[in-house]
$ cat entry37.csv   # CSV, C-alpha atoms
chain,number,residue,atom,x,y,z
D,26,ASP,CA,0.0,0.0,0.0
D,27,ALA,CA,1.4,3.4,-1.0
D,28,ALA,CA,0.5,4.9,2.4
D,29,GLU,CA,2.1,2.2,4.4
D,30,PRO,CA,5.7,3.6,4.7
D,31,THR,CA,4.2,7.0,5.7
D,32,ALA,CA,2.0,5.5,8.4
D,33,LEU,CA,4.8,3.2,9.6
D,34,ALA,CA,7.3,6.0,9.9
D,35,ARG,CA,4.8,8.1,11.9
D,36,LEU,CA,4.0,5.3,14.2
D,37,HIS,CA,7.7,4.7,15.0
D,38,LEU,CA,8.1,8.5,15.7
D,39,LEU,CA,5.0,8.5,17.9
D,40,ALA,CA,6.4,5.5,19.8
D,41,GLY,CA,9.7,7.3,20.4
D,42,GLU,CA,11.6,5.0,18.1
D,43,PRO,CA,13.2,7.5,15.6
D,44,ASP,CA,16.0,5.0,14.6
D,45,LEU,CA,13.3,2.6,13.4
D,46,ALA,CA,11.5,5.4,11.5
D,47,ARG,CA,14.5,5.8,9.1
D,48,ALA,CA,13.7,2.9,6.7
D,49,PRO,CA,10.0,3.7,6.2
D,50,ALA,CA,10.7,7.4,6.0
D,51,ARG,CA,13.3,6.8,3.3
D,52,GLN,CA,10.7,4.6,1.4
D,53,ALA,CA,8.1,7.4,1.8
D,54,ALA,CA,10.5,10.0,0.4
D,55,LEU,CA,11.3,7.8,-2.6
D,56,ARG,CA,7.7,7.0,-3.3
D,57,ALA,CA,6.7,10.7,-3.1
D,58,LEU,CA,9.5,11.6,-5.5
D,59,SER,CA,8.4,8.9,-8.0
D,60,ALA,CA,4.9,10.2,-7.9
D,61,GLY,CA,6.0,13.8,-8.6
D,62,ARG,CA,5.1,15.0,-5.1
D,63,TYR,CA,8.3,16.9,-4.6
D,64,ALA,CA,7.2,19.1,-1.7
D,65,GLU,CA,6.2,15.9,0.3
D,66,ALA,CA,9.5,14.2,-0.7
D,67,ARG,CA,11.4,17.3,0.6
D,68,ARG,CA,9.7,17.1,4.0
D,69,TRP,CA,10.6,13.4,4.4
D,70,LEU,CA,14.2,14.1,3.3
D,71,PHE,CA,14.5,16.9,5.9
D,72,LEU,CA,13.1,14.4,8.5
D,73,LEU,CA,15.7,11.8,7.5
D,74,ASP,CA,18.5,14.3,8.0
D,75,ALA,CA,17.3,14.9,11.5
D,76,LEU,CA,16.8,11.3,12.5
D,77,PRO,CA,19.7,9.5,14.3
D,78,SER,CA,21.4,6.5,12.8
D,79,GLY,CA,20.7,3.2,14.5
D,80,ARG,CA,18.8,0.0,14.1
D,81,GLY,CA,16.8,1.3,11.2
D,82,SER,CA,19.7,2.9,9.3
D,83,LEU,CA,20.7,1.7,5.9
D,84,SER,CA,24.3,0.9,5.0
D,85,ASP,CA,23.8,-0.7,1.5
D,86,GLY,CA,25.6,1.2,-1.2
D,87,HIS,CA,22.6,1.3,-3.6
D,88,ASP,CA,20.4,2.6,-0.8
D,89,ALA,CA,22.9,5.4,-0.2
D,90,PHE,CA,22.9,6.2,-3.9
D,91,GLU,CA,19.1,6.3,-4.2
D,92,LEU,CA,18.9,8.6,-1.2
D,93,ALA,CA,21.6,10.9,-2.6
D,94,VAL,CA,19.8,11.1,-6.0
D,95,ALA,CA,16.5,11.8,-4.3
D,96,LYS,CA,18.0,14.8,-2.4
D,97,ALA,CA,19.6,16.2,-5.6
D,98,ARG,CA,16.4,15.7,-7.7
D,99,VAL,CA,14.1,17.3,-5.2
D,100,ALA,CA,16.4,20.3,-4.8
D,101,LEU,CA,16.5,20.7,-8.6
D,102,VAL,CA,12.8,21.1,-8.6
D,103,THR,CA,12.0,22.8,-5.3
D,104,GLU,CA,14.8,25.3,-4.6
D,105,ALA,CA,14.2,28.8,-5.8
D,106,GLU,CA,17.9,29.7,-5.9
D,107,GLU,CA,20.5,27.9,-8.0
D,108,PRO,CA,20.7,24.3,-6.7
D,109,ARG,CA,23.9,23.3,-4.9
D,110,ASP,CA,26.5,21.4,-6.8
D,111,LEU,CA,27.4,19.7,-3.5
D,112,LEU,CA,24.3,17.5,-3.9
D,113,VAL,CA,25.5,16.2,-7.3
D,114,GLU,CA,29.0,15.7,-5.9
D,115,GLY,CA,27.4,13.6,-3.1
D,116,VAL,CA,25.7,11.4,-5.8
D,117,GLU,CA,29.0,11.0,-7.7
D,118,ARG,CA,30.8,10.0,-4.6
D,119,VAL,CA,28.5,7.0,-3.8
D,120,ALA,CA,27.9,5.9,-7.4
D,121,GLU,CA,29.5,2.5,-7.9
D,122,SER,CA,28.1,0.5,-10.8
D,123,PRO,CA,28.2,1.7,-14.5
D,124,THR,CA,24.5,2.4,-14.3
D,125,GLU,CA,24.9,4.5,-11.2
D,126,ARG,CA,27.8,6.5,-12.7
D,127,ALA,CA,25.8,7.1,-15.9
D,128,SER,CA,22.8,8.3,-13.8
D,129,ALA,CA,25.1,10.7,-11.9
D,130,THR,CA,26.4,12.1,-15.2
D,131,LEU,CA,22.8,12.8,-16.3
D,132,LEU,CA,22.0,14.4,-13.0
D,133,ARG,CA,25.1,16.7,-13.4
D,134,ALA,CA,23.7,17.6,-16.9
D,135,ALA,CA,20.3,18.3,-15.5
D,136,TYR,CA,21.9,20.7,-13.0
D,137,GLN,CA,23.8,22.4,-15.8
D,138,LEU,CA,20.6,23.0,-17.7
D,139,ARG,CA,18.9,24.3,-14.5
D,140,GLN,CA,21.9,26.7,-14.1
D,141,GLY,CA,21.4,28.0,-17.7
D,142,HIS,CA,24.4,26.1,-19.2
D,143,VAL,CA,22.5,24.6,-22.0
D,144,ARG,CA,25.3,23.5,-24.3
D,145,PRO,CA,27.4,21.7,-21.7
D,146,ALA,CA,24.2,19.9,-20.6
D,147,LEU,CA,23.5,18.9,-24.1
D,148,ALA,CA,27.0,17.5,-24.6
D,149,GLU,CA,26.8,15.4,-21.5
D,150,ALA,CA,23.4,14.1,-22.4
D,151,LEU,CA,24.4,13.1,-25.9
D,152,ARG,CA,27.5,11.4,-24.6
D,153,THR,CA,25.4,9.4,-22.2
D,154,ALA,CA,22.9,8.5,-24.9
D,155,SER,CA,25.6,7.0,-27.1
D,156,PRO,CA,25.0,3.3,-27.6
D,157,SER,CA,28.6,2.7,-26.4
D,158,ARG,CA,28.0,4.7,-23.2
D,159,ALA,CA,24.5,4.0,-22.0
D,160,PRO,CA,24.4,0.9,-19.7
D,161,THR,CA,20.6,0.4,-20.2
D,162,PRO,CA,17.9,1.4,-22.7
D,163,GLU,CA,16.1,3.3,-19.9
D,164,LEU,CA,19.2,5.5,-19.3
D,165,ALA,CA,19.6,6.1,-23.0
D,166,VAL,CA,16.0,7.3,-23.2
D,167,GLU,CA,16.5,9.5,-20.1
D,168,ALA,CA,19.6,11.0,-21.8
D,169,LEU,CA,17.7,11.6,-25.0
D,170,VAL,CA,14.8,13.3,-23.1
D,171,LEU,CA,17.3,15.7,-21.5
D,172,ALA,CA,19.1,16.3,-24.8
D,173,THR,CA,15.7,17.1,-26.5
D,174,ARG,CA,14.9,19.6,-23.8
D,175,CYS,CA,18.3,21.2,-24.5
D,176,ARG,CA,17.7,21.2,-28.3
D,177,LEU,CA,14.3,23.0,-27.8
D,178,ARG,CA,16.0,25.6,-25.6
D,179,LEU,CA,18.5,26.2,-28.3
D,180,HIS,CA,15.8,26.3,-31.0
D,181,GLN,CA,17.1,23.2,-32.9
D,182,PRO,CA,13.8,21.5,-33.9
D,183,GLU,CA,15.2,19.1,-36.5
D,184,ASP,CA,17.7,17.6,-34.0
D,185,ALA,CA,15.0,17.5,-31.3
D,186,ARG,CA,12.8,15.5,-33.7
D,187,ALA,CA,15.6,13.1,-34.5
D,188,GLN,CA,16.3,12.5,-30.8
D,189,LEU,CA,12.7,11.9,-30.0
D,190,THR,CA,12.4,9.4,-32.8
D,191,ARG,CA,15.3,7.5,-31.4
D,192,ALA,CA,13.8,7.6,-27.9
D,193,GLU,CA,10.5,6.4,-29.1
D,194,ALA,CA,12.2,3.5,-30.9
D,195,LEU,CA,14.0,2.5,-27.7
D,196,LEU,CA,10.7,2.7,-25.7
D,197,ALA,CA,8.9,0.5,-28.3
D,198,ALA,CA,11.6,-2.1,-28.0
D,199,ALA,CA,11.4,-2.2,-24.2
D,200,ALA,CA,8.5,-2.4,-21.8
D,201,PRO,CA,6.9,1.1,-21.5
D,202,GLY,CA,8.0,2.8,-18.3
D,203,HIS,CA,7.8,6.1,-16.5
D,204,LEU,CA,9.7,7.8,-19.4
D,205,THR,CA,6.8,7.2,-21.8
D,206,HIS,CA,5.0,10.2,-20.5
D,207,GLU,CA,8.1,12.4,-20.7
D,208,VAL,CA,8.7,11.4,-24.4
D,209,ALA,CA,5.1,12.0,-25.3
D,210,LEU,CA,5.1,15.4,-23.7
D,211,LEU,CA,8.1,16.4,-25.7
D,212,ARG,CA,6.6,15.1,-28.9
D,213,THR,CA,3.5,17.2,-28.2
D,214,GLU,CA,5.7,20.2,-27.6
D,215,VAL,CA,7.4,19.7,-31.0
D,216,LEU,CA,3.9,19.4,-32.6
D,217,LEU,CA,2.9,22.7,-31.0
D,218,ARG,CA,6.1,24.4,-32.2
D,219,ASP,CA,5.4,23.0,-35.7
D,220,GLN,CA,1.9,24.6,-35.4
D,221,GLN,CA,0.1,21.3,-35.8
D,222,LEU,CA,-2.5,22.4,-33.3
D,223,ASP,CA,-5.0,19.6,-33.9
D,224,ALA,CA,-2.5,16.9,-33.4
D,225,ALA,CA,-0.9,18.7,-30.5
D,226,GLY,CA,-4.2,19.3,-28.8
D,227,ALA,CA,-5.4,15.7,-29.2
D,228,GLN,CA,-2.2,14.3,-27.8
D,229,ALA,CA,-2.1,16.8,-24.9
D,230,GLU,CA,-5.7,16.0,-24.1
D,231,ALA,CA,-4.9,12.3,-24.0
D,232,LEU,CA,-1.8,12.8,-21.8
D,233,THR,CA,-3.8,14.9,-19.4
D,234,GLN,CA,-6.6,12.4,-19.1
D,235,GLY,CA,-4.1,9.5,-18.8
D,236,ALA,CA,-2.2,11.2,-16.0
D,237,ARG,CA,-5.5,12.0,-14.2
D,238,ALA,CA,-6.6,8.3,-14.4
D,239,ARG,CA,-3.2,7.3,-12.9
D,240,GLY,CA,-3.7,9.8,-10.1
D,241,HIS,CA,-0.4,11.6,-11.0
D,242,LEU,CA,-1.0,15.2,-10.2
D,243,HIS,CA,2.3,16.5,-11.5
D,244,ASP,CA,2.1,14.7,-14.9
D,245,GLU,CA,-1.5,15.9,-15.2
D,246,ALA,CA,-0.5,19.5,-14.5
D,247,ARG,CA,2.3,19.5,-17.1
D,248,ALA,CA,0.2,18.0,-19.8
D,249,GLY,CA,-2.7,20.3,-18.9
D,250,LEU,CA,-0.5,23.4,-19.2
D,251,LEU,CA,0.7,22.2,-22.6
D,252,LEU,CA,-3.0,21.7,-23.6
D,253,ALA,CA,-3.7,25.3,-22.3
D,254,ARG,CA,-1.0,26.7,-24.6
D,255,VAL,CA,-2.5,24.8,-27.6
D,256,LEU,CA,-6.1,26.0,-26.7
D,257,ARG,CA,-4.9,29.6,-26.4
D,258,LEU,CA,-3.7,29.5,-30.0
D,259,ALA,CA,-6.9,27.8,-31.1
D,260,GLY,CA,-9.0,30.6,-29.6
D,261,ARG,CA,-10.4,28.5,-26.7
D,262,ARG,CA,-9.2,30.8,-24.1
D,263,ALA,CA,-11.8,30.2,-21.3
D,264,ARG,CA,-10.8,26.5,-21.0
D,265,ALA,CA,-7.1,27.4,-21.5
D,266,GLU,CA,-7.3,29.8,-18.5
D,267,GLY,CA,-9.0,27.1,-16.4
D,268,LEU,CA,-6.2,24.7,-17.2
D,269,ALA,CA,-3.5,27.2,-16.5
D,270,ARG,CA,-5.0,28.0,-13.1
D,271,GLN,CA,-5.2,24.2,-12.3
D,272,ALA,CA,-1.6,23.7,-13.4
D,273,ARG,CA,-0.5,26.7,-11.2
D,274,THR,CA,-2.3,25.3,-8.2
D,275,ALA,CA,-0.9,21.8,-8.8
D,276,ALA,CA,2.6,23.2,-9.1
D,277,GLY,CA,2.2,24.8,-5.7
D,278,THR,CA,1.0,21.5,-4.2
D,279,THR,CA,3.8,19.4,-5.8
D,280,GLY,CA,6.5,22.0,-5.2
D,281,ASP,CA,7.6,22.3,-8.8
D,282,LEU,CA,8.8,26.0,-9.0
D,283,ALA,CA,9.5,26.0,-12.8
D,284,LEU,CA,6.1,24.6,-13.6
D,285,ALA,CA,4.5,27.3,-11.3
D,286,ALA,CA,6.4,30.0,-13.2
D,287,GLU,CA,5.5,28.7,-16.6
D,288,ALA,CA,1.8,28.3,-15.6
D,289,SER,CA,1.8,31.8,-14.2
D,290,LEU,CA,3.2,33.2,-17.5
D,291,VAL,CA,0.5,31.4,-19.6
D,292,LEU,CA,-2.1,32.7,-17.2
D,293,ALA,CA,-0.8,36.2,-17.4
D,294,ALA,CA,-1.0,36.1,-21.2
D,295,LEU,CA,-4.6,34.9,-21.1
D,296,LEU,CA,-5.5,37.7,-18.6
D,297,VAL,CA,-4.0,40.3,-20.8
D,298,GLU,CA,-5.8,39.0,-23.9
D,299,ARG,CA,-9.2,39.1,-22.2
D,300,GLY,CA,-8.5,42.7,-21.1
D,301,ASP,CA,-7.6,42.2,-17.5
D,302,ALA,CA,-4.3,44.1,-17.5
D,303,ALA,CA,-4.6,45.1,-13.9
D,304,GLY,CA,-5.0,41.5,-12.9
D,305,ALA,CA,-2.0,40.5,-15.0
D,306,VAL,CA,0.5,43.1,-13.5
D,307,PRO,CA,1.1,41.5,-10.0
D,308,LEU,CA,1.2,38.0,-11.6
D,309,LEU,CA,3.8,39.2,-14.2
D,310,ASP,CA,5.9,40.9,-11.6
D,311,THR,CA,6.2,37.7,-9.5
D,312,THR,CA,6.6,35.5,-12.6
D,313,ILE,CA,9.5,37.6,-14.0
D,314,ARG,CA,11.4,37.3,-10.7
D,315,GLN,CA,10.8,33.5,-10.7
D,316,LEU,CA,12.0,33.2,-14.3
D,317,ARG,CA,15.2,35.1,-13.5
D,318,SER,CA,15.8,33.1,-10.3
D,319,LEU,CA,15.2,29.8,-12.1
D,320,LYS,CA,17.3,30.8,-15.2
D,321,LEU,CA,14.3,30.2,-17.5
D,322,ASP,CA,15.8,32.8,-19.9
D,323,HIS,CA,14.0,31.3,-22.9
D,324,ARG,CA,10.6,32.4,-21.3
D,325,MET,CA,11.7,36.0,-20.7
D,326,PRO,CA,10.9,37.4,-24.2
D,327,MET,CA,7.2,36.3,-23.7
D,328,ALA,CA,7.2,38.0,-20.3
D,329,LEU,CA,8.6,41.2,-21.8
D,330,ARG,CA,6.1,41.2,-24.6
D,331,LEU,CA,3.3,40.9,-22.0
D,332,ILE,CA,4.8,43.9,-20.2
D,333,LEU,CA,4.5,45.8,-23.5
D,334,GLU,CA,0.9,44.7,-23.9
D,335,VAL,CA,0.1,45.9,-20.4
D,336,ALA,CA,1.8,49.2,-21.0
D,337,LEU,CA,-0.4,49.6,-24.1
D,338,ALA,CA,-3.5,48.8,-22.2
D,339,GLN,CA,-2.7,51.2,-19.4
D,340,GLY,CA,-1.2,53.9,-21.5
D,341,ASP,CA,2.1,53.9,-19.5
D,342,PRO,CA,5.0,54.4,-21.9
D,343,HIS,CA,7.6,54.2,-19.2
D,344,ALA,CA,6.6,50.7,-18.2
D,345,ALA,CA,7.6,49.5,-21.7
D,346,ASP,CA,11.2,50.8,-21.7
D,347,VAL,CA,12.9,47.4,-20.9
D,348,ALA,CA,10.8,45.5,-23.4
D,349,LEU,CA,11.4,48.1,-26.1
D,350,ALA,CA,15.1,48.0,-25.5
D,351,THR,CA,15.1,44.2,-25.9
D,352,PHE,CA,12.9,44.0,-29.0
D,353,ARG,CA,14.8,46.9,-30.7
D,354,THR,CA,17.7,44.5,-31.3
D,355,ARG,CA,15.7,41.2,-31.3
D,356,PRO,CA,12.2,42.0,-32.6
D,357,SER,CA,11.4,38.3,-33.0
D,358,ALA,CA,12.8,37.1,-29.7
D,359,ASP,CA,9.1,36.3,-29.0
D,360,PRO,CA,7.3,35.4,-32.3
D,361,GLU,CA,4.2,37.5,-31.3
D,362,ALA,CA,6.3,40.6,-30.3
D,363,PRO,CA,6.4,42.1,-33.8
D,364,ALA,CA,2.6,42.5,-33.9
D,365,THR,CA,2.7,44.1,-30.4
D,366,LEU,CA,5.5,46.5,-31.6
D,367,VAL,CA,3.5,47.5,-34.6
D,368,ARG,CA,0.5,48.3,-32.4
D,369,TRP,CA,2.7,50.2,-29.9
D,370,TRP,CA,4.3,52.5,-32.5
D,371,ARG,CA,0.9,53.0,-34.3
D,372,THR,CA,-0.7,54.1,-31.0
D,373,ARG,CA,2.3,56.4,-30.4
D,374,GLY,CA,1.7,58.1,-33.8
D,375,ASP,CA,5.0,56.8,-35.3
D,376,LEU,CA,3.5,55.1,-38.3
D,377,GLN,CA,6.8,54.7,-40.2
D,378,THR,CA,8.5,52.9,-37.3
D,379,ALA,CA,5.4,50.7,-37.1
D,380,LEU,CA,5.7,49.8,-40.7
D,381,ASP,CA,9.4,49.1,-40.4
D,382,VAL,CA,8.9,46.4,-37.8
D,383,PRO,CA,10.1,43.2,-39.6
D,384,ALA,CA,7.9,40.1,-40.1
D,385,PRO,CA,8.1,37.6,-37.3
D,386,THR,CA,9.9,34.4,-37.3
D,387,SER,CA,10.3,31.8,-34.6
D,388,PRO,CA,13.6,31.8,-32.8
D,389,GLY,CA,14.5,28.7,-34.8
D,390,GLY,CA,14.2,30.7,-38.0
D,391,GLN,CA,11.0,29.1,-39.5
D,392,ARG,CA,7.8,31.1,-40.2
D,393,ASP,CA,5.3,31.2,-37.4
D,394,GLU,CA,1.9,31.4,-39.1
D,395,TRP,CA,-0.1,32.6,-36.1
D,396,ALA,CA,2.4,35.3,-35.3
D,397,HIS,CA,2.6,36.3,-38.9
D,398,LEU,CA,-1.2,36.7,-39.1
D,399,LEU,CA,-1.2,38.9,-36.0
D,400,TRP,CA,1.6,41.0,-37.5
D,401,SER,CA,-0.3,41.4,-40.8
D,402,ILE,CA,-3.5,42.5,-39.1
D,403,GLU,CA,-1.6,45.1,-37.1
D,404,ARG,CA,0.2,46.4,-40.2
D,405,ALA,CA,-3.2,46.7,-42.0
D,406,ARG,CA,-4.4,48.9,-39.2
D,407,VAL,CA,-1.5,51.4,-39.8
D,408,HIS,CA,-2.8,52.4,-43.2
$ encode --input "entry37.csv" --output "structure tokens"
Amino acid sequence: DAAEPTALARLHLLAGEPDLARAPARQAALRALSAGRYAEARRWLFLLDALPSGRGSLSDGHDAFELAVAKARVALVTEAEEPRDLLVEGVERVAESPTERASATLLRAAYQLRQGHVRPALAEALRTASPSRAPTPELAVEALVLATRCRLRLHQPEDARAQLTRAEALLAAAAPGHLTHEVALLRTEVLLRDQQLDAAGAQAEALTQGARARGHLHDEARAGLLLARVLRLAGRRARAEGLARQARTAAGTTGDLALAAEASLVLAALLVERGDAAGAVPLLDTTIRQLRSLKLDHRMPMALRLILEVALAQGDPHAADVALATFRTRPSADPEAPATLVRWWRTRGDLQTALDVPAPTSPGGQRDEWAHLLWSIERARVH
């Protein structure tokens, strides 16, 4: 029973047997981590640090490795500041088998990505995914998942697709595991970036419902937020807003700070688009601080574009200074920014500057049809 380790640990603590509470508390922490309940896992790990060693302590090397990995993974998700490299070093120290050493390498790469070092993280992930390096198919898939995230950050869609295809082939040859959801989420993300909204929406809907049926709140929230992004582009903003709010709440429950920031950003966009600029301002302020703290630099252009939208709605030109400075040199840093810039300069009476705003492209260089349509409509209003 999933609740048994939790109940057993509590019983030992109530009975004044903290040494015997260690083993069930460890099991409760690992189960919470596996279920995506990072905040709960963090509480159990804090308790384990406070418990004395004794009859219930664990000396097995693999147990020590699992616990070190749990601490590092939970910190990666729940710490607002840059996670401590000491935690990864602790994993590397207790890694013994080839599988454990490869897992430690991937964890190091995940920390590099969290710290904003995308290319070093990509290099480590690709090395680990190599058939000559990955000890197991599961680790190869895990490495390909991380490498695909890096490729998407670097706006390299072709390489991302190739890595996903390889990961899907490895999953098809082995028994489906916990990485199936990860690979499917990334495939849906690629479909969304390719503007295949029907396919992306159908897959995101299926992933959301599947996670709900499994009772996995974290997986449901991530898939639901992806679905919200699809529905926003499809014009179904009411449901998109509901899903973004649910994802934000779930992120708070599970302790995933990056998910909370991304859900808040999508929610802020939907609030601005339905005319609630005043409601979006405090949300945007908090979200921008979170994005900076979490090194989610690839989301900042969208946040700056929303600041520009709010400045337009509120008639406050000074609030737009930072966004204008960014988009002056990188007008398509956010694909929808050119349309907003045309509207900004038109409302300021500078029609020529409005017409000089270049057509949008996605950061990867390909044409974004939705953004191009918005830009064309705004240009037509200048004349």
$ residues_around --input "entry37.csv" --residues "stretch 241-248 of chain D" --least-positions-apart "5" --cutoff "12 Å" --atoms "only C-alpha atoms" --output "ChimeraX atom specification"
/D:57-64,102,203-214,225-236,253-255,267-288
$ atom_distance --input "entry37.csv" --atom1 "atom CA of D:Leu171" --atom2 "atom CA of D:Ser122"
21.5 Å
$ atom_distance --input "entry37.csv" --atom1 "atom CA of D:Leu72" --atom2 "atom CA of D:Ala46"
9.6 Å
$ closest_residue --input "entry37.csv" --among "D:Pro307, D:Gly340, D:Gly202, D:Pro363" --to "D:Glu167" --atoms "all atoms listed in the file"
D:Gly202
$ residues_near_point --input "entry37.csv" --point "(19.9, 11.1, -26.9)" --cutoff "9 Å" --atoms "only C-alpha atoms" --output "VMD selection string"
chain D and resid 150 to 155 165 to 173 187 to 189 191 to 192
